[in-house]
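Text of the file query_5.txt, holding compact mmCIF, C-alpha atoms:
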```
# COMPACT_ATOMS: atom_id res chain seq x y z
CA MET S 140 114.54 62.70 -34.91
CA THR S 141 114.11 66.21 -36.19
CA GLY S 142 113.82 64.93 -39.70
CA LEU S 143 110.83 62.81 -38.73
CA ILE S 144 108.81 65.65 -37.14
CA TRP S 145 107.73 67.39 -40.34
CA PRO S 146 106.32 64.27 -42.05
CA VAL S 147 104.40 63.39 -38.88
CA LEU S 148 103.01 66.93 -38.52
CA ALA S 149 102.03 66.98 -42.19
CA ALA S 150 100.20 63.69 -41.81
CA LEU S 151 98.37 64.92 -38.69
CA LEU S 152 97.39 68.18 -40.40
CA ALA S 153 96.09 66.34 -43.46
CA GLY S 154 94.02 64.09 -41.21
CA MET S 155 92.54 67.07 -39.37
CA LEU S 156 91.62 68.80 -42.63
CA GLN S 157 90.05 65.65 -43.97
CA SER S 158 87.98 65.13 -40.82
CA THR S 159 86.68 68.72 -40.82
CA ALA S 160 85.93 68.92 -44.54
CA LEU S 161 82.31 69.58 -45.40
CA PRO S 162 80.48 66.52 -46.72
CA VAL S 163 79.78 66.46 -50.44
CA ILE S 164 76.05 67.01 -51.00
CA GLN S 165 74.75 65.01 -53.92
CA GLU S 166 71.60 66.10 -55.68
CA PRO S 167 68.94 63.36 -55.76
CA PRO S 168 68.53 61.85 -59.22
CA GLN S 169 65.81 63.43 -61.32
CA THR S 170 62.66 61.49 -62.08
CA PRO S 171 61.76 60.84 -65.72
CA ALA S 172 59.07 63.50 -65.48
CA GLN S 173 61.55 66.06 -64.13
CA VAL S 174 63.93 65.29 -66.98
CA MET S 175 61.11 65.79 -69.50
CA LEU S 176 60.06 69.03 -67.82
CA GLY S 177 63.57 70.41 -68.14
CA GLU S 178 63.53 69.78 -71.89
CA LEU S 179 60.32 71.75 -72.55
CA THR S 180 60.13 75.36 -73.66
CA THR S 181 57.70 77.72 -71.96
CA GLU S 182 55.38 77.44 -74.95
CA GLU S 183 55.45 73.64 -74.70
CA LYS S 184 54.84 73.71 -70.95
CA VAL S 185 51.75 75.89 -71.38
CA GLY S 186 50.38 73.53 -74.02
CA GLN S 187 50.67 70.61 -71.61
CA LEU S 188 48.10 72.33 -69.38
CA PHE S 189 45.32 71.76 -71.92
CA LEU S 190 43.00 68.80 -72.36
CA ALA S 191 41.32 70.41 -75.35
CA ARG S 192 38.06 69.45 -76.96
CA MET S 193 39.13 67.81 -80.21
CA PRO S 194 38.21 70.08 -83.13
CA ALA S 195 36.26 68.72 -86.09
CA VAL S 196 38.96 69.83 -88.53
CA GLN S 197 42.74 70.36 -88.37
CA ALA S 198 43.07 68.46 -85.11
CA ALA S 199 46.65 67.45 -85.90
CA GLU S 200 47.76 70.92 -86.96
CA LYS S 201 46.19 72.61 -83.95
CA ALA S 202 47.67 70.08 -81.52
CA ALA S 203 51.11 70.84 -82.93
CA ALA S 204 50.63 74.61 -82.96
CA CYS S 205 49.54 74.76 -79.31
CA HIS S 206 51.74 71.88 -78.04
CA LEU S 207 48.62 70.35 -76.49
CA GLY S 208 48.76 67.97 -73.57
CA GLY S 209 45.74 66.03 -74.76
CA TYR S 210 42.40 65.89 -76.50
CA LEU S 211 38.99 65.17 -75.01
CA LEU S 212 36.80 63.29 -77.48
CA PHE S 213 33.05 63.80 -77.80
CA GLY S 214 30.31 62.09 -79.78
CA GLN S 215 31.11 63.94 -83.00
CA ASP S 216 34.55 62.35 -83.00
CA PHE S 217 33.03 58.86 -83.22
CA ARG S 218 29.79 59.45 -85.13
CA TYR S 219 31.10 59.38 -88.70
CA ARG S 220 34.17 57.18 -88.18
CA THR S 221 35.04 53.53 -87.81
CA PRO S 222 37.38 52.32 -85.06
CA ASP S 223 40.21 51.99 -87.60
CA GLN S 224 39.67 55.53 -88.83
CA LEU S 225 39.76 56.85 -85.27
CA ARG S 226 42.99 55.00 -84.49
CA ALA S 227 44.55 56.39 -87.67
CA LEU S 228 43.50 59.92 -86.74
CA LEU S 229 44.99 59.71 -83.25
CA GLU S 230 48.24 58.38 -84.69
CA GLU S 231 48.30 61.24 -87.20
CA ILE S 232 47.82 63.76 -84.38
CA ASP S 233 50.66 62.27 -82.34
CA GLN S 234 53.03 62.37 -85.32
CA ALA S 235 52.19 65.99 -86.06
CA ALA S 236 52.57 67.01 -82.42
CA GLY S 237 55.96 65.32 -82.08
CA ARG S 238 55.00 63.64 -78.80
CA PRO S 239 52.02 61.49 -77.81
CA LEU S 240 48.93 63.28 -76.54
CA LEU S 241 46.71 62.04 -73.75
CA TYR S 242 43.29 61.05 -75.12
CA ALA S 243 40.27 61.09 -72.81
CA VAL S 244 36.53 60.56 -73.11
CA ASP S 245 33.37 60.65 -70.98
CA GLU S 246 32.16 57.04 -71.16
CA GLU S 247 30.19 56.90 -67.92
CA GLY S 248 27.46 54.60 -69.16
CA GLY S 249 23.75 55.37 -69.39
CA THR S 250 23.02 58.99 -70.26
CA VAL S 251 26.66 59.93 -70.93
CA VAL S 252 28.31 57.72 -73.54
CA ARG S 253 30.49 59.10 -76.33
CA ALA S 254 31.85 56.04 -78.14
CA SER S 255 29.61 53.08 -77.32
CA LEU S 256 26.56 55.03 -78.49
CA TYR S 257 27.51 54.21 -82.07
CA PRO S 258 27.06 50.66 -83.44
CA ALA S 259 30.25 50.92 -85.45
CA PHE S 260 32.08 50.92 -82.12
CA ARG S 261 29.89 48.68 -79.94
CA GLU S 262 26.68 46.74 -80.51
CA GLU S 263 25.09 48.13 -77.35
CA LYS S 264 25.96 51.23 -75.38
CA PHE S 265 27.27 50.79 -71.84
CA GLN S 266 24.54 50.79 -69.22
CA SER S 267 24.28 53.30 -66.39
CA PRO S 268 26.22 52.52 -63.21
CA GLN S 269 22.92 52.27 -61.33
CA ARG S 270 21.68 49.49 -63.62
CA VAL S 271 25.02 47.70 -63.51
CA TYR S 272 25.08 47.82 -59.71
CA ALA S 273 21.47 46.66 -59.41
CA ALA S 274 22.28 43.63 -61.57
CA GLY S 275 25.69 42.69 -60.25
CA GLY S 276 26.73 44.71 -57.22
CA LEU S 277 30.34 45.73 -56.74
CA GLU S 278 31.69 42.90 -58.86
CA GLY S 279 29.35 43.97 -61.65
CA LEU S 280 30.70 47.53 -61.48
CA ARG S 281 34.28 46.28 -61.50
CA ALA S 282 33.69 43.98 -64.48
CA ASP S 283 31.80 46.66 -66.42
CA ALA S 284 34.60 49.19 -65.85
CA GLU S 285 37.21 46.66 -66.90
CA GLU S 286 35.30 46.05 -70.13
CA LYS S 287 35.13 49.82 -70.72
CA GLY S 288 38.85 50.02 -70.14
CA ARG S 289 39.65 47.34 -72.70
CA PHE S 290 37.20 48.92 -75.14
CA LEU S 291 38.76 52.38 -74.84
CA GLN S 292 42.36 51.19 -74.75
CA ASP S 293 41.79 49.30 -78.00
CA LEU S 294 40.79 52.60 -79.61
CA GLY S 295 43.90 54.39 -78.37
CA ILE S 296 42.14 56.26 -75.55
CA HIS S 297 43.99 56.52 -72.24
CA VAL S 298 41.50 57.94 -69.74
CA ASN S 299 37.82 57.58 -68.95
CA LEU S 300 36.54 60.68 -67.18
CA ALA S 301 34.57 58.56 -64.75
CA PRO S 302 33.32 57.47 -62.30
CA VAL S 303 30.84 60.08 -61.13
CA CYS S 304 31.49 60.37 -57.40
CA ASP S 305 28.59 62.72 -56.70
CA LEU S 306 26.00 61.67 -54.15
CA SER S 307 22.32 61.67 -55.02
CA GLN S 308 19.40 59.53 -53.94
CA ASN S 309 16.76 61.93 -55.23
CA PRO S 310 15.56 61.16 -58.79
CA GLY S 311 14.72 64.85 -59.17
CA ASP S 312 18.37 65.93 -58.94
CA PHE S 313 20.15 66.89 -62.15
CA ILE S 314 23.07 64.58 -61.33
CA TYR S 315 20.98 61.62 -60.14
CA PRO S 316 20.90 59.58 -63.41
CA ARG S 317 24.69 59.76 -63.63
CA SER S 318 25.32 58.91 -59.97
CA LEU S 319 25.28 55.50 -58.32
CA GLY S 320 22.21 56.57 -56.36
CA LEU S 321 23.63 55.09 -53.16
CA SER S 322 24.66 56.21 -49.67
CA PRO S 323 28.06 57.87 -49.16
CA GLU S 324 29.65 54.66 -47.92
CA GLU S 325 28.15 52.51 -50.66
CA THR S 326 29.09 55.08 -53.31
CA ALA S 327 32.67 55.07 -52.02
CA GLN S 328 32.82 51.29 -52.42
CA GLY S 329 31.33 51.52 -55.90
CA VAL S 330 33.76 54.24 -56.97
CA ALA S 331 36.72 52.16 -55.81
CA ALA S 332 35.43 49.15 -57.74
CA ILE S 333 35.07 51.20 -60.94
CA VAL S 334 38.57 52.67 -60.63
CA GLU S 335 40.02 49.20 -60.06
CA GLY S 336 38.14 47.95 -63.12
CA HIS S 337 39.44 50.79 -65.29
CA THR S 338 42.98 50.03 -64.19
CA SER S 339 42.59 46.33 -64.96
CA GLY S 340 41.22 47.29 -68.36
CA GLY S 341 44.21 49.50 -69.10
CA VAL S 342 42.90 53.06 -68.71
CA GLY S 343 43.05 55.79 -66.10
CA SER S 344 40.17 57.35 -64.19
CA GLY S 345 39.03 60.94 -63.70
CA LEU S 346 36.85 61.35 -60.60
CA LYS S 347 34.10 63.95 -60.86
CA HIS S 348 32.73 66.46 -59.88
CA PHE S 349 34.72 67.62 -56.84
CA PRO S 350 33.84 68.71 -54.19
CA GLY S 351 30.49 66.96 -54.82
CA TYR S 352 27.57 68.06 -56.97
CA GLY S 353 24.72 67.52 -54.51
CA SER S 354 21.27 68.61 -55.66
CA ASN S 355 22.53 71.63 -57.61
CA VAL S 356 21.33 72.70 -61.04
CA ASP S 357 23.12 71.96 -64.30
CA THR S 358 26.16 74.27 -64.65
CA HIS S 359 26.07 73.89 -68.43
CA GLY S 360 23.32 76.50 -68.26
CA GLY S 361 24.53 78.84 -65.52
CA ILE S 362 25.89 79.26 -62.02
CA ALA S 363 24.94 76.80 -59.28
CA VAL S 364 25.35 77.88 -55.65
CA ASP S 365 25.81 75.18 -53.02
CA LYS S 366 24.97 76.40 -49.51
CA ARG S 367 25.64 73.18 -47.60
CA PRO S 368 27.96 73.29 -44.57
CA LEU S 369 31.52 72.00 -44.75
CA ALA S 370 30.70 69.30 -42.20
CA GLN S 371 28.31 67.68 -44.66
CA PHE S 372 30.99 67.53 -47.34
CA GLU S 373 33.47 66.07 -44.86
CA GLN S 374 31.08 63.43 -43.59
CA GLU S 375 29.53 62.53 -46.95
CA ASP S 376 30.61 64.06 -50.28
CA PHE S 377 34.38 63.73 -49.89
CA LEU S 378 34.24 60.00 -49.09
CA PRO S 379 33.79 58.68 -52.66
CA PHE S 380 36.58 60.91 -53.97
CA GLN S 381 39.00 59.70 -51.30
CA ALA S 382 38.07 56.10 -52.04
CA GLY S 383 38.67 56.75 -55.74
CA TRP S 384 42.18 58.14 -55.45
CA ASP S 385 43.06 55.57 -52.80
CA ALA S 386 42.09 52.95 -55.42
CA GLY S 387 44.47 54.53 -57.93
CA ALA S 388 42.62 57.30 -59.79
CA GLY S 389 45.15 59.80 -61.14
CA ALA S 390 42.88 62.78 -61.75
CA VAL S 391 40.03 64.67 -60.12
CA LEU S 392 37.72 66.95 -62.12
CA VAL S 393 36.65 70.09 -60.26
CA SER S 394 33.13 71.44 -60.81
CA HIS S 395 31.90 74.95 -61.60
CA ASN S 396 29.60 75.05 -58.57
CA ILE S 397 30.07 77.91 -56.13
CA VAL S 398 30.54 76.01 -52.87
CA GLN S 399 29.97 78.68 -50.26
CA CYS S 400 31.64 76.89 -47.36
CA LEU S 401 34.89 76.90 -49.37
CA ASP S 402 34.57 80.12 -51.39
CA PRO S 403 31.41 82.26 -51.44
CA GLU S 404 32.41 84.10 -54.63
CA ARG S 405 34.19 81.94 -57.18
CA PRO S 406 33.23 78.63 -58.76
CA ALA S 407 35.26 75.73 -57.35
CA SER S 408 37.13 75.34 -60.64
CA LEU S 409 38.53 78.88 -60.24
CA SER S 410 38.89 78.87 -56.46
CA SER S 411 42.20 78.35 -54.68
CA ALA S 412 40.25 77.25 -51.60
CA ALA S 413 38.75 74.32 -53.50
CA TYR S 414 42.13 73.10 -54.78
CA GLN S 415 43.66 73.62 -51.34
CA LYS S 416 40.94 71.44 -49.81
CA LEU S 417 41.59 68.78 -52.44
CA ARG S 418 45.27 68.70 -51.47
CA GLU S 419 44.49 68.77 -47.75
CA LEU S 420 42.41 65.65 -48.23
CA GLY S 421 45.49 63.89 -49.55
CA PHE S 422 45.16 63.98 -53.32
CA ARG S 423 48.52 64.21 -55.11
CA GLY S 424 47.48 63.70 -58.74
CA VAL S 425 46.21 65.91 -61.53
CA ALA S 426 43.47 68.42 -60.73
CA LEU S 427 41.52 69.32 -63.86
CA THR S 428 38.68 71.68 -64.50
CA ASP S 429 35.32 71.01 -66.04
CA ASP S 430 35.05 72.66 -69.46
CA LEU S 431 35.94 76.32 -68.97
CA VAL S 432 33.52 77.43 -71.66
CA MET S 433 30.39 76.13 -69.92
CA ASP S 434 27.83 78.84 -69.20
CA ALA S 435 28.59 78.83 -65.47
CA ILE S 436 32.00 80.25 -66.36
CA SER S 437 31.59 82.02 -69.71
CA LYS S 438 28.67 84.18 -68.50
CA GLU S 439 30.75 85.55 -65.63
CA TYR S 440 34.35 85.53 -66.85
CA GLY S 441 36.24 86.22 -70.04
CA VAL S 442 37.48 83.17 -71.93
CA GLY S 443 41.15 83.93 -71.39
CA GLU S 444 40.58 85.27 -67.88
CA ALA S 445 38.96 82.01 -66.79
CA ALA S 446 41.96 79.95 -67.90
CA VAL S 447 44.45 82.18 -66.09
CA LEU S 448 42.35 82.19 -62.92
CA ALA S 449 42.09 78.39 -63.00
CA VAL S 450 45.85 77.87 -63.29
CA ASN S 451 46.60 80.34 -60.53
CA ALA S 452 43.94 78.76 -58.33
CA GLY S 453 45.65 75.37 -58.57
CA ALA S 454 44.35 73.58 -61.66
CA ASP S 455 46.92 71.40 -63.43
CA LEU S 456 44.92 70.58 -66.56
CA LEU S 457 42.25 72.70 -68.26
CA CYS S 458 39.33 71.17 -70.14
CA SER S 459 38.69 73.68 -72.88
CA SER S 460 36.49 74.01 -75.94
CA GLN S 461 38.19 77.29 -76.85
CA PHE S 462 41.75 76.15 -76.25
CA GLU S 463 43.43 78.32 -78.88
CA GLN S 464 42.30 81.55 -77.25
CA GLN S 465 42.97 80.22 -73.76
CA TYR S 466 46.40 78.84 -74.67
CA PHE S 467 47.65 82.27 -75.69
CA ALA S 468 46.03 83.91 -72.67
CA VAL S 469 47.89 81.58 -70.32
CA LEU S 470 51.14 81.91 -72.26
CA GLU S 471 50.98 85.71 -72.06
CA ALA S 472 50.20 85.51 -68.33
CA VAL S 473 53.33 83.40 -67.81
CA GLN S 474 55.46 85.77 -69.89
CA ARG S 475 54.38 88.81 -67.88
CA GLY S 476 54.75 86.99 -64.55
CA GLU S 477 51.07 86.82 -63.64
CA ILE S 478 51.45 83.02 -63.57
CA THR S 479 54.77 82.15 -61.95
CA GLN S 480 57.23 79.68 -63.42
CA ALA S 481 56.97 77.66 -60.20
CA ARG S 482 53.17 77.28 -60.56
CA LEU S 483 53.56 76.36 -64.22
CA ASP S 484 56.24 73.76 -63.50
CA GLU S 485 54.24 72.28 -60.62
CA ALA S 486 51.21 71.75 -62.85
CA VAL S 487 53.13 70.40 -65.83
CA LEU S 488 55.12 68.01 -63.65
CA ARG S 489 51.88 66.45 -62.38
CA VAL S 490 50.59 66.10 -65.94
CA LEU S 491 53.82 64.48 -67.12
CA ASN S 492 53.86 62.08 -64.17
CA TRP S 493 50.30 61.02 -64.97
CA LYS S 494 51.14 60.48 -68.61
CA ILE S 495 54.08 58.30 -67.65
CA GLN S 496 51.92 56.28 -65.25
CA LEU S 497 49.36 55.76 -68.02
CA GLY S 498 52.00 54.69 -70.52
CA VAL S 499 51.37 57.69 -72.78
CA LEU S 500 55.02 58.78 -72.48
```
Using the file provided, produce a representation of the structure as structure tokens.
Amino acid sequence: MTGLIWPVLAALLAGMLQSTALPVIQEPPQTPAQVMLGELTTEEKVGQLFLARMPAVQAAEKAAACHLGGYLLFGQDFRYRTPDQLRALLEEIDQAAGRPLLYAVDEEGGTVVRASLYPAFREEKFQSPQRVYAAGGLEGLRADAEEKGRFLQDLGIHVNLAPVCDLSQNPGDFIYPRSLGLSPEETAQGVAAIVEGHTSGGVGSGLKHFPGYGSNVDTHGGIAVDKRPLAQFEQEDFLPFQAGWDAGAGAVLVSHNIVQCLDPERPASLSSAAYQKLRELGFRGVALTDDLVMDAISKEYGVGEAAVLAVNAGADLLCSSQFEQQYFAVLEAVQRGEITQARLDEAVLRVLNWKIQLGVL
């Protein structure tokens, strides 16, 4: 009997130890974007924050030097080229950069058309959303946006920075010709239709200009101050944006207006309160700024300072006409700890996720 006691006790003890052992905690698998993020250097991460205005010369070399996340194309990039020449240029840029860039354009229709303005690209320019809606309602908007999507995708462009979500029913407003000219509810329906059309056509959407432009002056020429109460934004201006991202838009462009009910001092594009409100409303995609060299910003802030302020405020992607100067300003801010690694990674992860969703990466 005695000889059997020790094996029994050993078995009991082993069972007790096994039952009280701490469970093995397994880390959740990384997403493709997280894997990509972990492979980037700090210099490469900073470059991913920039949707730069494509330069007239050395676009490939500059994209490689600054590790750019993408290029925003303007009229000059189409004016003297054919579609085949543009496609070849974008391919050359991607090869030089070592990874595909995100290419975006403002092809709203009407007064803002970058590519379809030129007969080499399209026989007629795209009409304004107001004209499209008047002729065909929501289905007309959806079909028009789908055609834009196919048109842009064929050129190698991934994102249309549209639709304009701003509310205006006053022809005297600066933003009126670019808006749908409808009520908040009707605008929300129209925005959703356009986003759905873009998606069907193969491109992403960038909703603009959060938190809503209203009747403010043109910020290309200076500061605009919006004094409307928050309740008006909540009941009216936010509705089209929410409809847009609910329909699948992956980006929201933040304006340079000073919206006093959110931040009485800084333009929305540089204000943490504006980005916080955007997140509170439920948006989880890429928050990008309007061009940080527009007069509303450049007259009040230094070029590099504006970029650093925007990132720290909550911007994930910076539209920039002076990207080389701003790239190094942001990089230096990261290196000295003024922009934290956590804020940098948060922004870049959103950009990478969007690129994957768009099929860029």
Write out, as JSON lines, each residue of segment 241-299 of chain S that has an atom at most 12 Å from segment 388-399 of chain S, together with the closest pair of atoms and their distance in Å to one decimal, counting all atoms listed in the file, rows going by chain and rising number.
```
{"residue": "S:Ala243", "atom": "CA", "partner": "S:Ala390", "partner_atom": "CA", "distance": 11.5}
{"residue": "S:Asp245", "atom": "CA", "partner": "S:Leu392", "partner_atom": "CA", "distance": 11.7}
{"residue": "S:His297", "atom": "CA", "partner": "S:Gly389", "partner_atom": "CA", "distance": 11.6}
{"residue": "S:Val298", "atom": "CA", "partner": "S:Ala390", "partner_atom": "CA", "distance": 9.4}
{"residue": "S:Asn299", "atom": "CA", "partner": "S:Ala390", "partner_atom": "CA", "distance": 10.2}
```
- Note on the structure: Using only C-alpha atoms, the shortest atom-to-atom distance to Leu409 of chain S among S:Asn451, S:Phe422, S:Ala386, S:Ala327 belongs to S:Asn451
- Message: From the options S:Gly424, S:Pro222, S:Gly353, S:Gly311, which residue's atoms come nearest to Pro323 of chain S, counting all atoms listed in the file?
- Response: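 Checking each candidate against Pro323 of chain S, we get S:Gly353 as the closest.
Minimum atom-to-atom distance to Gly275 of chain S, evaluated using all atoms listed in the file, belongs to S:Ala332 out of S:Leu491, S:Leu369, S:Leu212, S:Ala332.
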- Message: I'd like to know which of S:Pro167, S:Gly279, S:Gly345, S:Gly453 is closest to Arg482 of chain S, using only C-alpha atoms.
- Response: S:Gly453
- Task: Please indicate the distance in Å from atom CA of Asp365 of chain S to atom CA of Leu401 of chain S, rounded to one decimal place.
- Result: 9.9 Å
